[in-house]
Amino acid sequence: MSKEIIKIEDLKREFTMGAETVRALRGVSFTINEGEFVTIMGSSGSGKSTLLNILGCLDQPTSGNYEIDGVKMKDLSKNQLATIRNEKIGFIFQSYNLLARTSALENVELPLFYNSKVSSEERKDRATKAIEMVGLSDRKDHTPSQLSGGQQQRVAIARSLVNNPVMILADEATGNLDTRTAYEIMSIFQELNKQGITIVFVTHEPDIALFSNRTIVLKDGNIIKDYQNHNIQSATEELAKLPKQDD
Amino acid sequence: MRLLNLLKIAFKAIVLNKMRTLLTMLGIIIGVASVIAMLAIGEGSKESIRTTISAMGSNMITIRPGADDRGPARGSGGDVQTLTLDDYEVIKEKATTLSYITPIVNGGGQVINGSNNWPSTIYGVNPDYLNIKVVDLQSGSMFTDAEVKSASKVALIGQTVVDNVFPDGQEPVGQMIRFDNIPFKVIGVLEEKGENTFGQDQDDVVIAPYTTVQKRILAIDYLNQVMASAISEDDAPEAVTQVTEILRSQHKLLDSEDDDFTVRSMEELISTFSSTSEMLTILLVAVASISLLIGGIGIMNIMYVSVKERTKEIGLRMAVGAKGADILMQFLIEAILISITGGLLGVLLGLGATVFIEKFLNWPTSVALYSIIISFAVCAVTGIFFGWYPARKASALDPITALRYE
């Protein structure tokens with residue numbers, strides 16, 4: 001049996017909105033093993049983004065346990081959490097969140113700026129390699145406004161890879177993209193997963209879930225389904241099946 | 001290592017917003033530059049007053065008739081007739097701390113040489129005058145005590161008078177001129193002294209024996225002034241006391257009565273004028289400091305806006321591993337970079353402005369090193385002080401709230 005990367009037990013998260021208390025997560029438990037490609041599905045308001053934020057150490061649960069690599073997140077200080085985010089987690093957002101007027105390469109370098117163990121030569125080196133992995137070597141000097149949505153998301157993926165994280169968390173990473181580009185992005189994720197990187201992918205599109213090996217479905221803050229996908233589709237093959245574009 | 005990275009990040013942020021950064025800096029630049037320029041003007045005028053007064057003879061003592069009322073509406077001392085030739089004789093006889101002493105009577109009039117004429121002032125003095133005022137002769141010679149005694153009609157003239165009544169470049173010495181219809185023989189020309197700090201032309205004078213001026217021109221029996229020279233600069237205060245005592249007993253003043261004359265040393269005059277210009281300097285610097293403060297508030301304003309505007313960016317930086325301290329440092333470094341660069345540019349501009357003022361406005365200036373150090377330090381401190389609050393605010397943001405900020 002492979003190593004447990006993520007282990008959550010009875011995770012609850014409540015928000016206080018004025019006098020009302022919104023219970024976004026009502027006791028969620030699961031474990032994710034190294035090398036898994038998990039999609040978290042659910043309609044809006046199901047708590048999937050809240051869950052991802054907690055998994056990414058951006059938010060704290062109201063109660064319950066969360067362990068990464070056997071380390072309890074509850075026990076860590078703000079600064080230690082920042083280090084975890086920096087070294088173990090790669091985050092990808094729906095709206096890319098690249099720094100404007102900053103070249104693709106520099107955007108990819110960003111996490112390494114906050115890692116004092118990495119020298120500036122190593123930083124350049126690793127960023128260049130990461131950008132090669134997502135196939136954007138020829139555009140590394142372009143700024144986000146000179147790149148298409150798909151290209152921007154690829155820069156964001158390169159940025160999430162650059163610190164060699166143990167897992168990548170994606171929040172609706174294909175949500176702003178057309179089908180063809182979405183499939184291109186998914187094929188990159190599948191490629192990364194093959195190399196052994198654990199991926200947790202939040203989406204509300206069922207066809208995206210077909211590319212993962214496990215799907216967790218949330219509804220109103222509870223897990224209603226958690227199943228293995230035995231018939232994983234290849235994003236590269238699906239891409240080939242799509243009708244050719246006119247241009 | 002980490003600091004270097006943060007420095008790079010902050011530098012990039014500044015470069016990305018060149019225009020905004022420049023406008024922010026402008027407040028600091030103008031503030032620092034004006035502090036330096038104002039102090040330079042203040043120092044310069046103080047120094048020039050000191051030099052001018054020293055050139056007039058730093059151990060000079062003046063005795064004027066009339067009480068010393070340094071109020072805003074001082075009457076002209078010349079109207080008072082309480083200083084007489086007897087007073088002069090007594091001081092000359094009794095004072096031990098004086099090396100030279102001369103009575104002075106003066107009046108305005110027209111200097112005439114043929115068809116040329118020029119309005120000037122005639123000073124009636126004795127031969128000590130040149131030593132007291134530290135004036136040399138350009139040509140000719142001073143009149144003698146005998147000529148004073150006989151009230152001879154001889155005169156020495158300044159360069160301005162020479163230029164105006166001898167426009168053809170004639171040698172004035174030996175020529176006859178008239179002052180208010182009284183003929184004088186020119187026996188000497190005074191060395192050129194130029195304008196003093198108060199804008200007075202020191203070469204626009206005619207000097208003659210006081211007896212002549214008193215009797216023939218002004219027809220008075222009192223003196224406008226007695227001018228003396230202390231043996232040394234250190235003796236000046238002692239000389240002032242001595243002269244005061246002599247005159248009080250001479251004028252038979254009771255203890256309860258105020259002086260009916262004024263004795264002043266140059267040293268006092270220097271401090272009077274220095275304190276005036278010092279007050280002016282303080283005023284100027286206060287105004288300049290306010291602009292420096294406003295520059296600082298400009299930095300705070302921009303940093304504050306910048307934090308708001310880049311909230312999402314801050315959230316992203318935190319998501320990829322920036323600690324609160326990293327964010328704090330980034331914004332603080334930005335503020336400090338802006339204020340230090342602004343400060344440096346301000347120093348340069350201030351020095352430039354000083355040179356400009358000196359060259360084109362002909363104002364005396366003197367840049368004091370302390371003014372550069374102070375204004376620069378104030379501006380660095382301003383940067384830290386005004387950068388701290390927005391930076392602190394940025395670092396305290398919750399990553400998820402910051403990321404969701406629109």
# chains A, B, ... in the order shown; residues from 1 in each chain; ligands from 1

$ closest_atom_pairs --of "chain A" --to "chain B" --cutoff "9 Å" --atoms "only C-alpha atoms" --output "CSV"
residue,atom,partner,partner_atom,distance
A:Asn53,CA,B:Ile400,CA,7.6
A:Gly56,CA,B:Ala319,CA,8.1
A:Cys57,CA,B:Ala319,CA,8.4
A:Leu58,CA,B:Ile400,CA,5.7
A:Asp59,CA,B:Ile400,CA,6.5
A:Lys78,CA,B:Lys323,CA,7.7
A:Asn79,CA,B:Lys323,CA,5.7
A:Gln80,CA,B:Lys323,CA,8.7
A:Leu81,CA,B:Gly321,CA,8.1
A:Ala82,CA,B:Gly321,CA,4.6
A:Thr83,CA,B:Gly321,CA,5.7
A:Ile84,CA,B:Gly321,CA,7.4
A:Arg85,CA,B:Gly321,CA,5.1
A:Asn86,CA,B:Gly321,CA,3.9
A:Glu87,CA,B:Gly321,CA,7.6
A:Ile89,CA,B:Val320,CA,8.0
A:Gly90,CA,B:Val320,CA,7.4
A:Phe91,CA,B:Val320,CA,7.3
A:Asn97,CA,B:Leu316,CA,6.9
A:Leu98,CA,B:Glu313,CA,8.3
A:Leu99,CA,B:Glu313,CA,6.9
A:Arg101,CA,B:Leu16,CA,7.2
A:Thr102,CA,B:Leu16,CA,8.5
A:Leu110,CA,B:Val320,CA,7.6
A:Pro111,CA,B:Val320,CA,5.2
A:Leu112,CA,B:Val320,CA,8.8
A:Phe113,CA,B:Asn5,CA,5.9
A:Tyr114,CA,B:Ala322,CA,5.7
A:Asn115,CA,B:Arg2,CA,7.7
A:Ser116,CA,B:Arg2,CA,5.5
A:Lys117,CA,B:Met1,CA,8.7
A:Ser119,CA,B:Met1,CA,8.2
A:Ser120,CA,B:Asn5,CA,8.7
A:Arg159,CA,B:Val320,CA,8.8
A:Ser160,CA,B:Val320,CA,8.1

$ residues_around --residues "stretch 222-236 of chain A" --least-positions-apart "5" --cutoff "10 Å" --atoms "only C-alpha atoms" --output "PyMOL selection string"
chain A and resi 11-12+24-30+38-42+46-48+180+182-191+207-217+241

$ residues_around --residues "B:Val148" --least-positions-apart "6" --cutoff "12 Å" --atoms "only C-alpha atoms" --output "list in words"
Thr102, Pro103, Gly124, Val125, Asn126, Pro127, Asp128, Met142, Val154, Ala155, Ile207, Ala208, Pro209, Tyr210, Thr211, Thr212, Val213, Gln214 and Lys215 of chain B

$ write_last_selection --atoms "C-alpha atoms" --output "PDB file, in the first residue's frame"
ATOM      1  CA  THR B 102      35.745 110.757  15.153  1.00  0.00           C
ATOM      2  CA  PRO B 103      32.693 112.981  15.295  1.00  0.00           C
ATOM      3  CA  GLY B 124      32.058 115.495   8.091  1.00  0.00           C
ATOM      4  CA  VAL B 125      34.727 113.566   9.999  1.00  0.00           C
ATOM      5  CA  ASN B 126      38.264 113.779  11.329  1.00  0.00           C
ATOM      6  CA  PRO B 127      41.292 111.867   9.942  1.00  0.00           C
ATOM      7  CA  ASP B 128      40.631 108.889  12.299  1.00  0.00           C
ATOM      8  CA  MET B 142      43.589 112.342   3.726  1.00  0.00           C
ATOM      9  CA  VAL B 154      38.929 119.957   1.042  1.00  0.00           C
ATOM     10  CA  ALA B 155      37.173 116.704   0.293  1.00  0.00           C
ATOM     11  CA  ILE B 207      34.203 113.083   2.987  1.00  0.00           C
ATOM     12  CA  ALA B 208      35.306 116.434   4.389  1.00  0.00           C
ATOM     13  CA  PRO B 209      36.516 117.863   7.730  1.00  0.00           C
ATOM     14  CA  TYR B 210      33.612 117.880  10.209  1.00  0.00           C
ATOM     15  CA  THR B 211      34.237 121.508  11.050  1.00  0.00           C
ATOM     16  CA  THR B 212      33.711 122.476   7.437  1.00  0.00           C
ATOM     17  CA  VAL B 213      30.556 120.397   7.038  1.00  0.00           C
ATOM     18  CA  GLN B 214      29.120 121.519  10.387  1.00  0.00           C
ATOM     19  CA  LYS B 215      29.657 125.207   9.842  1.00  0.00           C
TER      20      LYS B 215
END

$ atom_distance --atom1 "atom CA of B:Asp221" --atom2 "atom CA of B:Thr84"
7.1 Å

$ residues_around --residues "A:Ser49" --least-positions-apart "3" --cutoff "9 Å" --atoms "only C-alpha atoms" --output "MDAnalysis selection string"
chainID A and resid 44:46 52:54 171:172 202

$ write_last_selection --atoms "all heavy atoms" --output "PDB file, in the first residue's frame"
ATOM      1  N   SER A  44     -22.224  24.321  -6.959  1.00  0.00           N
ATOM      2  CA  SER A  44     -21.697  25.450  -6.217  1.00  0.00           C
ATOM      3  C   SER A  44     -22.376  25.516  -4.853  1.00  0.00           C
ATOM      4  O   SER A  44     -23.554  25.195  -4.713  1.00  0.00           O
ATOM      5  CB  SER A  44     -21.887  26.746  -7.002  1.00  0.00           C
ATOM      6  OG  SER A  44     -23.159  27.247  -6.791  1.00  0.00           O
ATOM      7  N   GLY A  45     -21.584  25.856  -3.834  1.00  0.00           N
ATOM      8  CA  GLY A  45     -22.122  25.880  -2.477  1.00  0.00           C
ATOM      9  C   GLY A  45     -22.011  24.542  -1.781  1.00  0.00           C
ATOM     10  O   GLY A  45     -22.430  24.380  -0.643  1.00  0.00           O
ATOM     11  N   SER A  46     -21.413  23.544  -2.462  1.00  0.00           N
ATOM     12  CA  SER A  46     -21.310  22.226  -1.837  1.00  0.00           C
ATOM     13  C   SER A  46     -20.155  22.158  -0.848  1.00  0.00           C
ATOM     14  O   SER A  46     -20.033  21.210  -0.092  1.00  0.00           O
ATOM     15  CB  SER A  46     -21.134  21.154  -2.912  1.00  0.00           C
ATOM     16  OG  SER A  46     -19.951  21.413  -3.646  1.00  0.00           O
ATOM     17  N   LEU A  52     -10.859  22.635  -0.534  1.00  0.00           N
ATOM     18  CA  LEU A  52      -9.564  22.791  -1.210  1.00  0.00           C
ATOM     19  C   LEU A  52      -8.693  23.835  -0.510  1.00  0.00           C
ATOM     20  O   LEU A  52      -7.489  23.638  -0.372  1.00  0.00           O
ATOM     21  CB  LEU A  52      -9.776  23.168  -2.674  1.00  0.00           C
ATOM     22  CG  LEU A  52      -8.534  22.956  -3.525  1.00  0.00           C
ATOM     23  CD1 LEU A  52      -8.352  21.483  -3.840  1.00  0.00           C
ATOM     24  CD2 LEU A  52      -8.592  23.761  -4.810  1.00  0.00           C
ATOM     25  N   ASN A  53      -9.333  24.931  -0.070  1.00  0.00           N
ATOM     26  CA  ASN A  53      -8.573  25.969   0.637  1.00  0.00           C
ATOM     27  C   ASN A  53      -7.965  25.434   1.931  1.00  0.00           C
ATOM     28  O   ASN A  53      -6.856  25.800   2.289  1.00  0.00           O
ATOM     29  CB  ASN A  53      -9.458  27.172   0.938  1.00  0.00           C
ATOM     30  CG  ASN A  53      -9.784  27.948  -0.324  1.00  0.00           C
ATOM     31  OD1 ASN A  53      -9.019  27.914  -1.279  1.00  0.00           O
ATOM     32  ND2 ASN A  53     -10.909  28.634  -0.324  1.00  0.00           N
ATOM     33  N   ILE A  54      -8.719  24.554   2.585  1.00  0.00           N
ATOM     34  CA  ILE A  54      -8.175  23.969   3.815  1.00  0.00           C
ATOM     35  C   ILE A  54      -7.036  23.017   3.465  1.00  0.00           C
ATOM     36  O   ILE A  54      -5.970  23.042   4.087  1.00  0.00           O
ATOM     37  CB  ILE A  54      -9.284  23.256   4.613  1.00  0.00           C
ATOM     38  CG1 ILE A  54     -10.263  24.304   5.152  1.00  0.00           C
ATOM     39  CG2 ILE A  54      -8.681  22.443   5.762  1.00  0.00           C
ATOM     40  CD1 ILE A  54     -11.482  23.720   5.821  1.00  0.00           C
ATOM     41  N   ASP A 171      -8.053  24.520  -8.426  1.00  0.00           N
ATOM     42  CA  ASP A 171      -9.414  24.984  -8.134  1.00  0.00           C
ATOM     43  C   ASP A 171     -10.065  25.428  -9.437  1.00  0.00           C
ATOM     44  O   ASP A 171      -9.803  26.517  -9.930  1.00  0.00           O
ATOM     45  CB  ASP A 171      -9.325  26.155  -7.135  1.00  0.00           C
ATOM     46  CG  ASP A 171     -10.694  26.571  -6.637  1.00  0.00           C
ATOM     47  OD1 ASP A 171     -11.678  25.909  -7.022  1.00  0.00           O
ATOM     48  OD2 ASP A 171     -10.762  27.537  -5.869  1.00  0.00           O
ATOM     49  N   GLU A 172     -10.901  24.545  -9.998  1.00  0.00           N
ATOM     50  CA  GLU A 172     -11.594  24.852 -11.270  1.00  0.00           C
ATOM     51  C   GLU A 172     -10.589  25.315 -12.326  1.00  0.00           C
ATOM     52  O   GLU A 172     -10.834  26.297 -13.032  1.00  0.00           O
ATOM     53  CB  GLU A 172     -12.643  25.966 -11.051  1.00  0.00           C
ATOM     54  CG  GLU A 172     -13.651  25.648  -9.970  1.00  0.00           C
ATOM     55  CD  GLU A 172     -14.945  25.048 -10.525  1.00  0.00           C
ATOM     56  OE1 GLU A 172     -14.956  24.655 -11.702  1.00  0.00           O
ATOM     57  OE2 GLU A 172     -15.917  24.963  -9.770  1.00  0.00           O
ATOM     58  N   VAL A 202     -10.469  20.297  -8.182  1.00  0.00           N
ATOM     59  CA  VAL A 202     -11.863  20.641  -7.912  1.00  0.00           C
ATOM     60  C   VAL A 202     -12.523  21.074  -9.219  1.00  0.00           C
ATOM     61  O   VAL A 202     -11.960  21.877  -9.964  1.00  0.00           O
ATOM     62  CB  VAL A 202     -11.944  21.781  -6.873  1.00  0.00           C
ATOM     63  CG1 VAL A 202     -13.322  22.425  -6.898  1.00  0.00           C
ATOM     64  CG2 VAL A 202     -11.641  21.241  -5.495  1.00  0.00           C
TER      65      VAL A 202
END

$ residues_around --residues "A:Glu67" --least-positions-apart "4" --cutoff "8 Å" --atoms "only C-alpha atoms" --output "JSON, numbers by chain"
{"A": [5, 6, 7, 8, 71, 72, 73]}

$ residues_around --residues "stretch 244-261 of chain B" --least-positions-apart "3" --cutoff "6 Å" --atoms "only C-alpha atoms" --output "number ranges by chain"
B: 64-67, 241

$ write_last_selection --atoms "N, CA and C atoms" --output "compact mmCIF listing (two decimals), in the first residue's frame"
# COMPACT_ATOMS: atom_id res chain seq x y z
N ARG B 64 25.14 107.24 19.07
CA ARG B 64 24.12 108.09 18.43
C ARG B 64 23.33 108.82 19.50
N PRO B 65 22.83 109.98 19.15
CA PRO B 65 21.99 110.68 20.10
C PRO B 65 20.63 110.01 20.16
N GLY B 66 19.93 110.18 21.27
CA GLY B 66 18.59 109.62 21.39
C GLY B 66 18.63 108.25 22.03
N ALA B 67 17.53 107.93 22.74
CA ALA B 67 17.48 106.66 23.45
C ALA B 67 17.36 105.50 22.48
N THR B 241 30.64 99.96 27.67
CA THR B 241 30.32 100.32 29.06
C THR B 241 30.99 101.64 29.45

$ select_by_dssp --residues "stretch 123-227 of chain A" --states "strand (DSSP E or B)" --output "list of chain:residue names"
A:Met167, A:Ile168, A:Leu169, A:Ala170, A:Asp171, A:Thr198, A:Ile199, A:Val200, A:Phe201, A:Val202, A:Arg214, A:Thr215, A:Ile216, A:Val217, A:Leu218, A:Lys219, A:Asn222, A:Ile223, A:Ile224, A:Lys225, A:Asp226, A:Tyr227

$ select_by_dssp --residues "stretch 10-215 of chain B" --states "helix (DSSP H, G or I)" --output "PyMOL selection string"
chain B and resi 10-16+18-55+77-79+85-94+129-133+145-149+159-165+210-215

$ residues_around --residues "B:Thr62" --least-positions-apart "2" --cutoff "7 Å" --atoms "only C-alpha atoms" --output "ChimeraX atom specification"
/B:60,64,226-228,263-265

$ atom_distance --atom1 "atom CA of B:Ile104" --atom2 "atom CA of B:Ile53"
18.7 Å

$ closest_residue --among "B:Leu83, B:Leu284, B:Pro237, B:Leu328" --to "B:Tyr389" --atoms "only C-alpha atoms"
B:Leu328

$ closest_residue --among "B:Ile112, B:Ala146, B:Cys379, B:Ile61" --to "B:Leu345" --atoms "only C-alpha atoms"
B:Cys379

$ atom_distance --atom1 "atom CA of B:Gly57" --atom2 "atom CA of B:Asp203"
16.2 Å
